[in-house]
$ cat model_19.cif   # mmCIF, C-alpha atoms
data_my_file
#
loop_
_atom_site.label_atom_id
_atom_site.label_comp_id
_atom_site.auth_asym_id
_atom_site.auth_seq_id
_atom_site.Cartn_x
_atom_site.Cartn_y
_atom_site.Cartn_z
CA MET A 591 49.79 -48.48 3.34
CA VAL A 592 49.72 -44.68 3.29
CA LYS A 593 49.46 -43.32 -0.24
CA VAL A 594 48.39 -39.70 0.29
CA VAL A 595 49.28 -37.29 3.07
CA LEU A 596 47.30 -34.14 3.77
CA ALA A 597 49.85 -31.50 4.78
CA SER A 598 47.71 -30.33 7.67
CA ARG A 599 46.91 -31.31 11.24
CA ASN A 600 43.33 -30.13 10.85
CA GLN A 601 40.99 -33.11 11.28
CA GLY A 602 38.11 -31.20 9.70
CA LYS A 603 40.10 -30.76 6.51
CA LEU A 604 41.06 -34.45 6.57
CA ARG A 605 37.41 -35.52 6.84
CA GLU A 606 36.45 -33.16 4.03
CA LEU A 607 39.23 -34.44 1.76
CA ARG A 608 38.32 -38.06 2.45
CA GLU A 609 34.68 -37.44 1.56
CA ILE A 610 35.63 -35.71 -1.68
CA LEU A 611 37.93 -38.58 -2.67
CA ARG A 612 35.63 -41.40 -1.48
CA ASN A 613 34.70 -43.68 -4.41
CA ARG A 614 36.35 -41.25 -6.83
CA ILE A 615 39.85 -42.74 -7.08
CA VAL A 616 40.37 -46.31 -8.29
CA GLY A 617 42.27 -48.43 -5.78
CA LEU A 618 42.25 -45.82 -3.01
CA ASN A 619 40.80 -46.63 0.42
CA VAL A 620 40.40 -43.14 1.83
CA ASP A 621 40.05 -44.36 5.43
CA THR A 622 43.46 -46.05 5.47
CA ASP A 623 45.40 -44.68 2.50
CA VAL A 624 44.82 -40.96 3.21
CA VAL A 625 46.20 -39.54 6.46
CA ASP A 626 47.09 -36.19 7.98
CA ALA A 627 50.61 -34.90 8.55
CA ALA A 628 50.63 -35.47 12.30
CA SER A 629 49.85 -39.18 12.05
CA ILE A 630 53.15 -39.90 10.30
CA ASN A 631 55.22 -37.11 11.90
CA ALA A 632 55.49 -35.06 8.72
CA PRO A 633 56.99 -31.58 9.20
CA ASP A 634 54.91 -28.54 10.13
CA VAL A 635 55.90 -26.24 7.27
CA PRO A 636 56.04 -22.43 7.80
CA GLU A 637 53.85 -20.44 5.39
CA THR A 638 56.48 -18.04 4.07
CA GLY A 639 54.95 -17.47 0.62
CA VAL A 640 53.17 -14.30 -0.46
CA THR A 641 50.24 -15.98 -2.23
CA PHE A 642 47.85 -18.80 -1.41
CA ALA A 643 49.40 -20.89 -4.18
CA GLU A 644 52.95 -20.38 -2.93
CA ASN A 645 52.06 -21.36 0.63
CA SER A 646 50.08 -24.37 -0.53
CA LEU A 647 52.92 -25.65 -2.72
CA LEU A 648 55.53 -25.04 0.00
CA LYS A 649 53.64 -27.36 2.32
CA ALA A 650 52.88 -30.02 -0.27
CA ARG A 651 56.48 -30.17 -1.55
CA ALA A 652 58.03 -30.41 1.91
CA VAL A 653 55.68 -33.14 3.08
CA ALA A 654 56.04 -35.13 -0.15
CA GLU A 655 59.81 -35.15 0.01
CA SER A 656 59.97 -35.89 3.75
CA THR A 657 57.49 -38.77 3.64
CA GLY A 658 58.01 -40.20 0.15
CA CYS A 659 54.23 -40.08 -0.32
CA ILE A 660 51.99 -38.01 -2.53
CA ALA A 661 51.05 -34.88 -0.58
CA ILE A 662 48.08 -32.56 -0.78
CA ALA A 663 48.00 -29.14 0.87
CA ASP A 664 45.88 -26.04 0.83
CA ASP A 665 46.07 -22.41 1.85
CA SER A 666 42.96 -20.33 2.11
CA GLY A 667 41.56 -17.10 3.43
CA LEU A 668 39.18 -14.20 3.00
CA SER A 669 39.55 -11.56 0.30
CA VAL A 670 37.56 -8.34 0.86
CA GLU A 671 36.99 -6.19 -2.21
CA VAL A 672 37.08 -2.80 -0.49
CA LEU A 673 40.32 -3.80 1.28
CA HIS A 674 41.92 -4.66 -2.07
CA GLY A 675 42.05 -8.36 -1.29
CA ALA A 676 43.03 -8.23 2.39
CA PRO A 677 43.18 -9.99 4.80
CA GLY A 678 44.21 -12.56 2.15
CA ILE A 679 47.08 -14.77 3.25
CA PHE A 680 47.02 -13.03 6.63
CA SER A 681 43.43 -14.05 7.33
CA ALA A 682 44.26 -16.39 10.21
CA ARG A 683 46.42 -13.76 11.95
CA TRP A 684 44.72 -10.52 10.92
CA ALA A 685 44.49 -9.32 14.52
CA GLY A 686 48.04 -10.44 15.34
CA GLU A 687 47.83 -13.87 16.97
CA HIS A 688 47.41 -16.85 14.64
CA GLY A 689 44.05 -18.56 14.90
CA ASP A 690 42.25 -16.06 17.17
CA ASP A 691 38.94 -16.12 15.30
CA THR A 692 37.15 -13.75 17.68
CA ALA A 693 39.86 -11.11 17.49
CA ASN A 694 40.10 -11.40 13.71
CA LEU A 695 36.35 -10.98 13.31
CA THR A 696 36.18 -8.05 15.69
CA LEU A 697 38.99 -6.19 13.95
CA LEU A 698 37.63 -6.76 10.46
CA LEU A 699 34.12 -5.66 11.40
CA GLU A 700 35.52 -2.52 13.00
CA GLN A 701 37.48 -1.75 9.85
CA LEU A 702 34.31 -2.15 7.78
CA ARG A 703 31.97 -0.45 10.25
CA ASP A 704 31.02 2.44 7.95
CA ILE A 705 30.97 0.41 4.73
CA SER A 706 27.49 0.00 3.25
CA ASP A 707 26.04 -3.30 2.06
CA GLU A 708 26.69 -2.66 -1.63
CA HIS A 709 30.42 -2.36 -0.94
CA ARG A 710 30.82 -5.37 1.36
CA ALA A 711 31.60 -7.92 -1.37
CA ALA A 712 34.14 -10.57 -0.41
CA LYS A 713 35.14 -14.12 -1.26
CA PHE A 714 36.71 -17.08 0.41
CA CYS A 715 39.72 -18.25 -1.65
CA CYS A 716 41.61 -21.52 -1.63
CA ALA A 717 44.65 -22.81 -3.48
CA ALA A 718 45.05 -26.59 -3.24
CA SER A 719 48.28 -28.27 -4.30
CA LEU A 720 49.40 -31.78 -5.07
CA ALA A 721 53.06 -32.77 -4.96
CA VAL A 722 54.55 -36.10 -5.97
CA PRO A 723 58.04 -36.74 -4.51
CA SER A 724 60.95 -36.88 -6.93
CA ALA A 725 61.39 -40.61 -6.24
CA LEU A 726 57.90 -41.19 -7.69
CA GLY A 727 58.23 -38.89 -10.66
CA GLY A 728 58.20 -35.35 -9.30
CA TYR A 729 54.79 -34.04 -10.41
CA GLU A 730 53.01 -30.91 -9.13
CA ALA A 731 49.61 -29.32 -9.66
CA VAL A 732 47.73 -26.36 -8.19
CA GLU A 733 43.99 -25.72 -8.41
CA TYR A 734 41.80 -22.91 -7.10
CA GLY A 735 38.37 -22.56 -5.57
CA GLU A 736 36.31 -19.55 -4.55
CA LEU A 737 33.11 -18.87 -2.61
CA PRO A 738 31.81 -15.34 -3.31
CA GLY A 739 29.65 -13.57 -0.78
CA THR A 740 28.74 -10.46 1.15
CA LEU A 741 30.03 -9.57 4.61
CA LEU A 742 27.41 -9.09 7.30
CA HIS A 743 27.59 -6.29 9.88
CA ALA A 744 27.59 -8.69 12.82
CA PRO A 745 28.29 -12.42 13.35
CA GLN A 746 25.41 -14.85 12.79
CA GLY A 747 25.43 -18.52 13.78
CA ASP A 748 27.51 -20.83 15.93
CA GLY A 749 28.77 -23.26 13.30
CA GLY A 750 31.85 -23.19 11.10
CA PHE A 751 35.02 -21.37 12.03
CA GLY A 752 37.12 -18.38 11.04
CA TYR A 753 35.12 -15.76 9.18
CA ASP A 754 32.13 -18.06 8.56
CA PRO A 755 29.79 -16.10 10.90
CA ILE A 756 30.01 -12.95 8.77
CA MET A 757 30.09 -14.44 5.26
CA MET A 758 26.75 -14.71 3.44
CA PRO A 759 27.21 -16.75 0.22
CA VAL A 760 25.98 -15.09 -2.98
CA GLU A 761 24.87 -18.42 -4.44
CA LEU A 762 22.30 -18.95 -1.70
CA ASN A 763 20.66 -15.58 -2.31
CA GLY A 764 18.88 -13.82 -5.16
CA ASP A 765 16.51 -14.93 -7.91
CA ASN A 766 18.62 -17.95 -8.89
CA ALA A 767 19.56 -19.02 -5.38
CA LEU A 768 20.59 -22.62 -4.84
CA TYR A 769 18.20 -24.80 -2.82
CA ASP A 770 15.33 -22.49 -3.85
CA GLY A 771 16.49 -19.81 -1.45
CA ALA A 772 16.00 -21.99 1.64
CA TYR A 773 19.23 -20.65 3.11
CA ALA A 774 18.93 -17.03 2.02
CA ASP A 775 20.31 -14.38 4.38
CA GLN A 776 22.21 -17.00 6.36
CA SER A 777 25.91 -16.95 7.08
CA CYS A 778 28.29 -19.85 6.50
CA ALA A 779 28.03 -20.46 10.25
CA GLN A 780 24.26 -20.98 9.99
CA ILE A 781 23.82 -23.16 6.92
CA PRO A 782 24.10 -26.96 7.37
CA ALA A 783 27.64 -28.29 7.13
CA GLU A 784 26.79 -30.49 4.14
CA ILE A 785 25.49 -27.44 2.24
CA LYS A 786 28.52 -25.36 3.13
CA ASN A 787 30.91 -28.15 2.13
CA SER A 788 29.17 -28.59 -1.22
CA ILE A 789 29.88 -24.99 -2.26
CA SER A 790 32.97 -24.11 -0.24
CA HIS A 791 36.15 -22.74 -1.76
CA ARG A 792 38.16 -25.60 -0.28
CA ALA A 793 35.83 -28.29 -1.59
CA ARG A 794 35.98 -26.78 -5.07
CA ALA A 795 39.78 -26.63 -5.03
CA PHE A 796 40.08 -30.21 -3.74
CA GLU A 797 37.56 -31.41 -6.31
CA ALA A 798 39.68 -29.91 -9.08
CA LEU A 799 42.70 -31.85 -7.78
CA VAL A 800 40.98 -35.23 -8.15
CA PRO A 801 42.07 -35.86 -11.79
CA HIS A 802 45.66 -34.92 -10.91
CA LEU A 803 45.67 -37.36 -8.00
CA GLN A 804 44.27 -40.15 -10.17
CA GLN A 805 47.04 -39.48 -12.69
CA ALA A 806 49.70 -39.49 -9.98
CA LEU A 807 48.51 -42.78 -8.49
CA GLU A 808 48.50 -44.48 -11.89
CA HIS A 809 52.19 -43.78 -12.52
#
$ encode --input "model_19.cif" --output "structure tokens"
Amino acid sequence: MVKVVLASRNQGKLRELREILRNRIVGLNVDTDVVDAASINAPDVPETGVTFAENSLLKARAVAESTGCIAIADDSGLSVEVLHGAPGIFSARWAGEHGDDTANLTLLLEQLRDISDEHRAAKFCCAASLAVPSALGGYEAVEYGELPGTLLHAPQGDGGFGYDPIMMPVELNGDNALYDGAYADQSCAQIPAEIKNSISHRARAFEALVPHLQQALEH
């Protein structure tokens, strides 16, 4: 029996959510109880909000009400300090066409071409939402996660997706670097997936939703 629907058709996100929830929620079999939107024909909800939180909640609410199940959704992107937070909610379509990672990277790097290292601060941001349908009590929650970093001048690495090849996480660099600096100067596309997922903005936002989901399943 499906208990939780991820309001996304992204299988990578589904795997990540299942791993975060595995053995964390009493009475939840993540392999059978947690599914993606496509598997139960849930609607593909347009992201018409103007913030990550608004878009995340729009998707969670719509899927919860259409399926009668608890729904989890997220919206995420890159926030560049010198661009006053852009690309932000437009991260996936910064160059015009949604999901063209190469074009988005090329445009952003061109825009930042003359920006020195000390002014290339950025962060990956994620808003994750949980929505319980009105028939089950009508509960909502939103949590946030961030991964701060510095933007490189050229892509590095073949892993990850989106802006991963130009994002160098702050936490893996410096005197107090995680993992004793073993992944210093590497982009999110170079570090092992398990390391990236342990510090990612999405993982942190999903982790923060865990207590809300436990509460929702107990009522």
$ resolve_selection --input "model_19.cif" --expression "the PyMOL selection byres ((chain A and resi 591) around 12)" --output "PyMOL selection string"
chain A and resi 592-595+617-625+630+659
$ write_last_selection --input "model_19.cif" --atoms "C-alpha atoms" --output "mmCIF file, keeping the file's coordinate frame"
data_model
loop_
_atom_site.group_PDB
_atom_site.id
_atom_site.type_symbol
_atom_site.label_atom_id
_atom_site.label_comp_id
_atom_site.auth_asym_id
_atom_site.auth_seq_id
_atom_site.Cartn_x
_atom_site.Cartn_y
_atom_site.Cartn_z
ATOM 1 C CA VAL A 592 49.720 -44.680 3.290
ATOM 2 C CA LYS A 593 49.460 -43.320 -0.240
ATOM 3 C CA VAL A 594 48.390 -39.700 0.290
ATOM 4 C CA VAL A 595 49.280 -37.290 3.070
ATOM 5 C CA GLY A 617 42.270 -48.430 -5.780
ATOM 6 C CA LEU A 618 42.250 -45.820 -3.010
ATOM 7 C CA ASN A 619 40.800 -46.630 0.420
ATOM 8 C CA VAL A 620 40.400 -43.140 1.830
ATOM 9 C CA ASP A 621 40.050 -44.360 5.430
ATOM 10 C CA THR A 622 43.460 -46.050 5.470
ATOM 11 C CA ASP A 623 45.400 -44.680 2.500
ATOM 12 C CA VAL A 624 44.820 -40.960 3.210
ATOM 13 C CA VAL A 625 46.200 -39.540 6.460
ATOM 14 C CA ILE A 630 53.150 -39.900 10.300
ATOM 15 C CA CYS A 659 54.230 -40.080 -0.320
#
$ closest_residue --input "model_19.cif" --among "A:Ile679, A:Val670, A:Ala685, A:Leu596" --to "Pro738 in chain A" --atoms "only C-alpha atoms"
A:Val670
$ resolve_selection --input "model_19.cif" --expression "the PyMOL selection byres ((chain A and resi 711-722) around 7)" --output "ChimeraX atom specification"
/A:642-643,646-647,650-651,654,659-671,709-710,723-724,726-741,791-792,795-796
$ resolve_selection --input "model_19.cif" --expression "the PyMOL selection byres ((chain A and resi 765-781) around 10)" --output "PDB file with C-alpha atoms, in the coordinates of the input"
ATOM      1  CA  GLY A 739      29.650 -13.570  -0.780  1.00  0.00           C
ATOM      2  CA  THR A 740      28.740 -10.460   1.150  1.00  0.00           C
ATOM      3  CA  LEU A 741      30.030  -9.570   4.610  1.00  0.00           C
ATOM      4  CA  LEU A 742      27.410  -9.090   7.300  1.00  0.00           C
ATOM      5  CA  PRO A 745      28.290 -12.420  13.350  1.00  0.00           C
ATOM      6  CA  GLN A 746      25.410 -14.850  12.790  1.00  0.00           C
ATOM      7  CA  GLY A 747      25.430 -18.520  13.780  1.00  0.00           C
ATOM      8  CA  ASP A 748      27.510 -20.830  15.930  1.00  0.00           C
ATOM      9  CA  GLY A 749      28.770 -23.260  13.300  1.00  0.00           C
ATOM     10  CA  GLY A 750      31.850 -23.190  11.100  1.00  0.00           C
ATOM     11  CA  PHE A 751      35.020 -21.370  12.030  1.00  0.00           C
ATOM     12  CA  GLY A 752      37.120 -18.380  11.040  1.00  0.00           C
ATOM     13  CA  TYR A 753      35.120 -15.760   9.180  1.00  0.00           C
ATOM     14  CA  ASP A 754      32.130 -18.060   8.560  1.00  0.00           C
ATOM     15  CA  PRO A 755      29.790 -16.100  10.900  1.00  0.00           C
ATOM     16  CA  ILE A 756      30.010 -12.950   8.770  1.00  0.00           C
ATOM     17  CA  MET A 757      30.090 -14.440   5.260  1.00  0.00           C
ATOM     18  CA  MET A 758      26.750 -14.710   3.440  1.00  0.00           C
ATOM     19  CA  PRO A 759      27.210 -16.750   0.220  1.00  0.00           C
ATOM     20  CA  VAL A 760      25.980 -15.090  -2.980  1.00  0.00           C
ATOM     21  CA  GLU A 761      24.870 -18.420  -4.440  1.00  0.00           C
ATOM     22  CA  LEU A 762      22.300 -18.950  -1.700  1.00  0.00           C
ATOM     23  CA  ASN A 763      20.660 -15.580  -2.310  1.00  0.00           C
ATOM     24  CA  GLY A 764      18.880 -13.820  -5.160  1.00  0.00           C
ATOM     25  CA  PRO A 782      24.100 -26.960   7.370  1.00  0.00           C
ATOM     26  CA  ALA A 783      27.640 -28.290   7.130  1.00  0.00           C
ATOM     27  CA  GLU A 784      26.790 -30.490   4.140  1.00  0.00           C
ATOM     28  CA  ILE A 785      25.490 -27.440   2.240  1.00  0.00           C
ATOM     29  CA  LYS A 786      28.520 -25.360   3.130  1.00  0.00           C
ATOM     30  CA  ASN A 787      30.910 -28.150   2.130  1.00  0.00           C
ATOM     31  CA  ILE A 789      29.880 -24.990  -2.260  1.00  0.00           C
ATOM     32  CA  SER A 790      32.970 -24.110  -0.240  1.00  0.00           C
TER      33      SER A 790
END
$ residues_around --input "model_19.cif" --residues "Ile705 in chain A" --least-positions-apart "6" --cutoff "10 Å" --atoms "only C-alpha atoms" --output "PDB file with C-alpha atoms, in the coordinates of the input"
ATOM      1  CA  VAL A 672      37.080  -2.800  -0.490  1.00  0.00           C
ATOM      2  CA  LEU A 699      34.120  -5.660  11.400  1.00  0.00           C
ATOM      3  CA  HIS A 743      27.590  -6.290   9.880  1.00  0.00           C
TER       4      HIS A 743
END
$ atom_distance --input "model_19.cif" --atom1 "CA of Glu637 in chain A" --atom2 "CA of Lys603 in chain A"
17.2 Å
$ residues_around --input "model_19.cif" --residues "Ala627 in chain A" --least-positions-apart "3" --cutoff "8 Å" --atoms "only C-alpha atoms" --output "PyMOL selection string"
chain A and resi 595-599+630-634+653
$ atom_distance --input "model_19.cif" --atom1 "CA of Ile615 in chain A" --atom2 "CA of Leu648 in chain A"
24.7 Å
$ atom_distance --input "model_19.cif" --atom1 "CA of Gly602 in chain A" --atom2 "CA of Gln805 in chain A"
25.5 Å
$ closest_residue --input "model_19.cif" --among "A:Thr641, A:Ser706, A:Asn613, A:Gln804" --to "Gly675 in chain A" --atoms "all atoms listed in the file"
A:Thr641
$ axis_aligned_box --input "model_19.cif" --around "range 625-641 of chain A" --padding-each-side "6 Å" --output "lines of an AutoDock Vina configuration file"
center_x = 51.6
center_y = -27.1
center_z = 5.0
size_x = 22.8
size_y = 37.6
size_z = 26.5
$ closest_residue --input "model_19.cif" --among "A:Ala793, A:Glu708, A:Leu698, A:Glu655" --to "Arg605 in chain A" --atoms "all atoms listed in the file"
A:Ala793
$ decode --input "model_19.cif" --residues "range 743-801 of chain A" --atoms "C-alpha atoms" --output "PDB file, in the first residue's frame"
ATOM      1  CA  HIS A 743      35.822  29.151 -13.531  1.00  0.00           C
ATOM      2  CA  ALA A 744      35.310  26.000 -15.593  1.00  0.00           C
ATOM      3  CA  PRO A 745      33.447  22.686 -15.159  1.00  0.00           C
ATOM      4  CA  GLN A 746      35.251  19.874 -13.329  1.00  0.00           C
ATOM      5  CA  GLY A 747      34.084  16.251 -13.205  1.00  0.00           C
ATOM      6  CA  ASP A 748      31.584  14.056 -14.996  1.00  0.00           C
ATOM      7  CA  GLY A 749      29.300  13.135 -12.103  1.00  0.00           C
ATOM      8  CA  GLY A 750      26.210  14.831 -10.723  1.00  0.00           C
ATOM      9  CA  PHE A 751      23.964  17.062 -12.780  1.00  0.00           C
ATOM     10  CA  GLY A 752      22.918  20.681 -13.164  1.00  0.00           C
ATOM     11  CA  TYR A 753      25.483  23.079 -11.754  1.00  0.00           C
ATOM     12  CA  ASP A 754      27.426  20.371  -9.879  1.00  0.00           C
ATOM     13  CA  PRO A 755      30.524  20.656 -12.133  1.00  0.00           C
ATOM     14  CA  ILE A 756      31.172  24.265 -11.095  1.00  0.00           C
ATOM     15  CA  MET A 757      30.215  24.147  -7.407  1.00  0.00           C
ATOM     16  CA  MET A 758      33.045  23.565  -4.919  1.00  0.00           C
ATOM     17  CA  PRO A 759      31.578  22.961  -1.418  1.00  0.00           C
ATOM     18  CA  VAL A 760      32.951  25.183   1.353  1.00  0.00           C
ATOM     19  CA  GLU A 761      32.696  22.376   3.900  1.00  0.00           C
ATOM     20  CA  LEU A 762      35.213  20.233   2.035  1.00  0.00           C
ATOM     21  CA  ASN A 763      37.824  22.980   1.986  1.00  0.00           C
ATOM     22  CA  GLY A 764      39.786  25.018   4.526  1.00  0.00           C
ATOM     23  CA  ASP A 765      41.325  24.282   7.911  1.00  0.00           C
ATOM     24  CA  ASN A 766      38.227  22.514   9.250  1.00  0.00           C
ATOM     25  CA  ALA A 767      37.355  20.628   6.079  1.00  0.00           C
ATOM     26  CA  LEU A 768      35.218  17.524   6.392  1.00  0.00           C
ATOM     27  CA  TYR A 769      36.926  14.196   5.636  1.00  0.00           C
ATOM     28  CA  ASP A 770      40.286  15.783   6.541  1.00  0.00           C
ATOM     29  CA  GLY A 771      40.373  17.703   3.283  1.00  0.00           C
ATOM     30  CA  ALA A 772      40.415  14.562   1.127  1.00  0.00           C
ATOM     31  CA  TYR A 773      38.005  16.187  -1.320  1.00  0.00           C
ATOM     32  CA  ALA A 774      39.410  19.717  -1.273  1.00  0.00           C
ATOM     33  CA  ASP A 775      39.278  21.681  -4.534  1.00  0.00           C
ATOM     34  CA  GLN A 776      36.821  19.207  -6.032  1.00  0.00           C
ATOM     35  CA  SER A 777      33.454  20.076  -7.505  1.00  0.00           C
ATOM     36  CA  CYS A 778      30.185  18.367  -6.626  1.00  0.00           C
ATOM     37  CA  ALA A 779      30.618  16.464  -9.906  1.00  0.00           C
ATOM     38  CA  GLN A 780      33.929  15.003  -8.709  1.00  0.00           C
ATOM     39  CA  ILE A 781      33.277  13.967  -5.129  1.00  0.00           C
ATOM     40  CA  PRO A 782      31.763  10.499  -4.518  1.00  0.00           C
ATOM     41  CA  ALA A 783      27.975  10.410  -4.657  1.00  0.00           C
ATOM     42  CA  GLU A 784      27.707   9.211  -1.048  1.00  0.00           C
ATOM     43  CA  ILE A 785      29.756  12.214   0.120  1.00  0.00           C
ATOM     44  CA  LYS A 786      27.726  14.645  -1.945  1.00  0.00           C
ATOM     45  CA  ASN A 787      24.438  13.178  -0.718  1.00  0.00           C
ATOM     46  CA  SER A 788      25.554  13.418   2.911  1.00  0.00           C
ATOM     47  CA  ILE A 789      26.015  17.202   2.699  1.00  0.00           C
ATOM     48  CA  SER A 790      23.637  18.194  -0.098  1.00  0.00           C
ATOM     49  CA  HIS A 791      20.972  20.852   0.252  1.00  0.00           C
ATOM     50  CA  ARG A 792      18.278  18.365  -0.728  1.00  0.00           C
ATOM     51  CA  ALA A 793      19.402  15.731   1.758  1.00  0.00           C
ATOM     52  CA  ARG A 794      19.401  18.310   4.544  1.00  0.00           C
ATOM     53  CA  ALA A 795      15.909  19.522   3.666  1.00  0.00           C
ATOM     54  CA  PHE A 796      14.543  15.970   3.417  1.00  0.00           C
ATOM     55  CA  GLU A 797      16.217  15.038   6.699  1.00  0.00           C
ATOM     56  CA  ALA A 798      14.454  17.935   8.404  1.00  0.00           C
ATOM     57  CA  LEU A 799      11.105  16.624   7.108  1.00  0.00           C
ATOM     58  CA  VAL A 800      11.522  13.239   8.793  1.00  0.00           C
ATOM     59  CA  PRO A 801       9.901  14.222  12.144  1.00  0.00           C
TER      60      PRO A 801
END
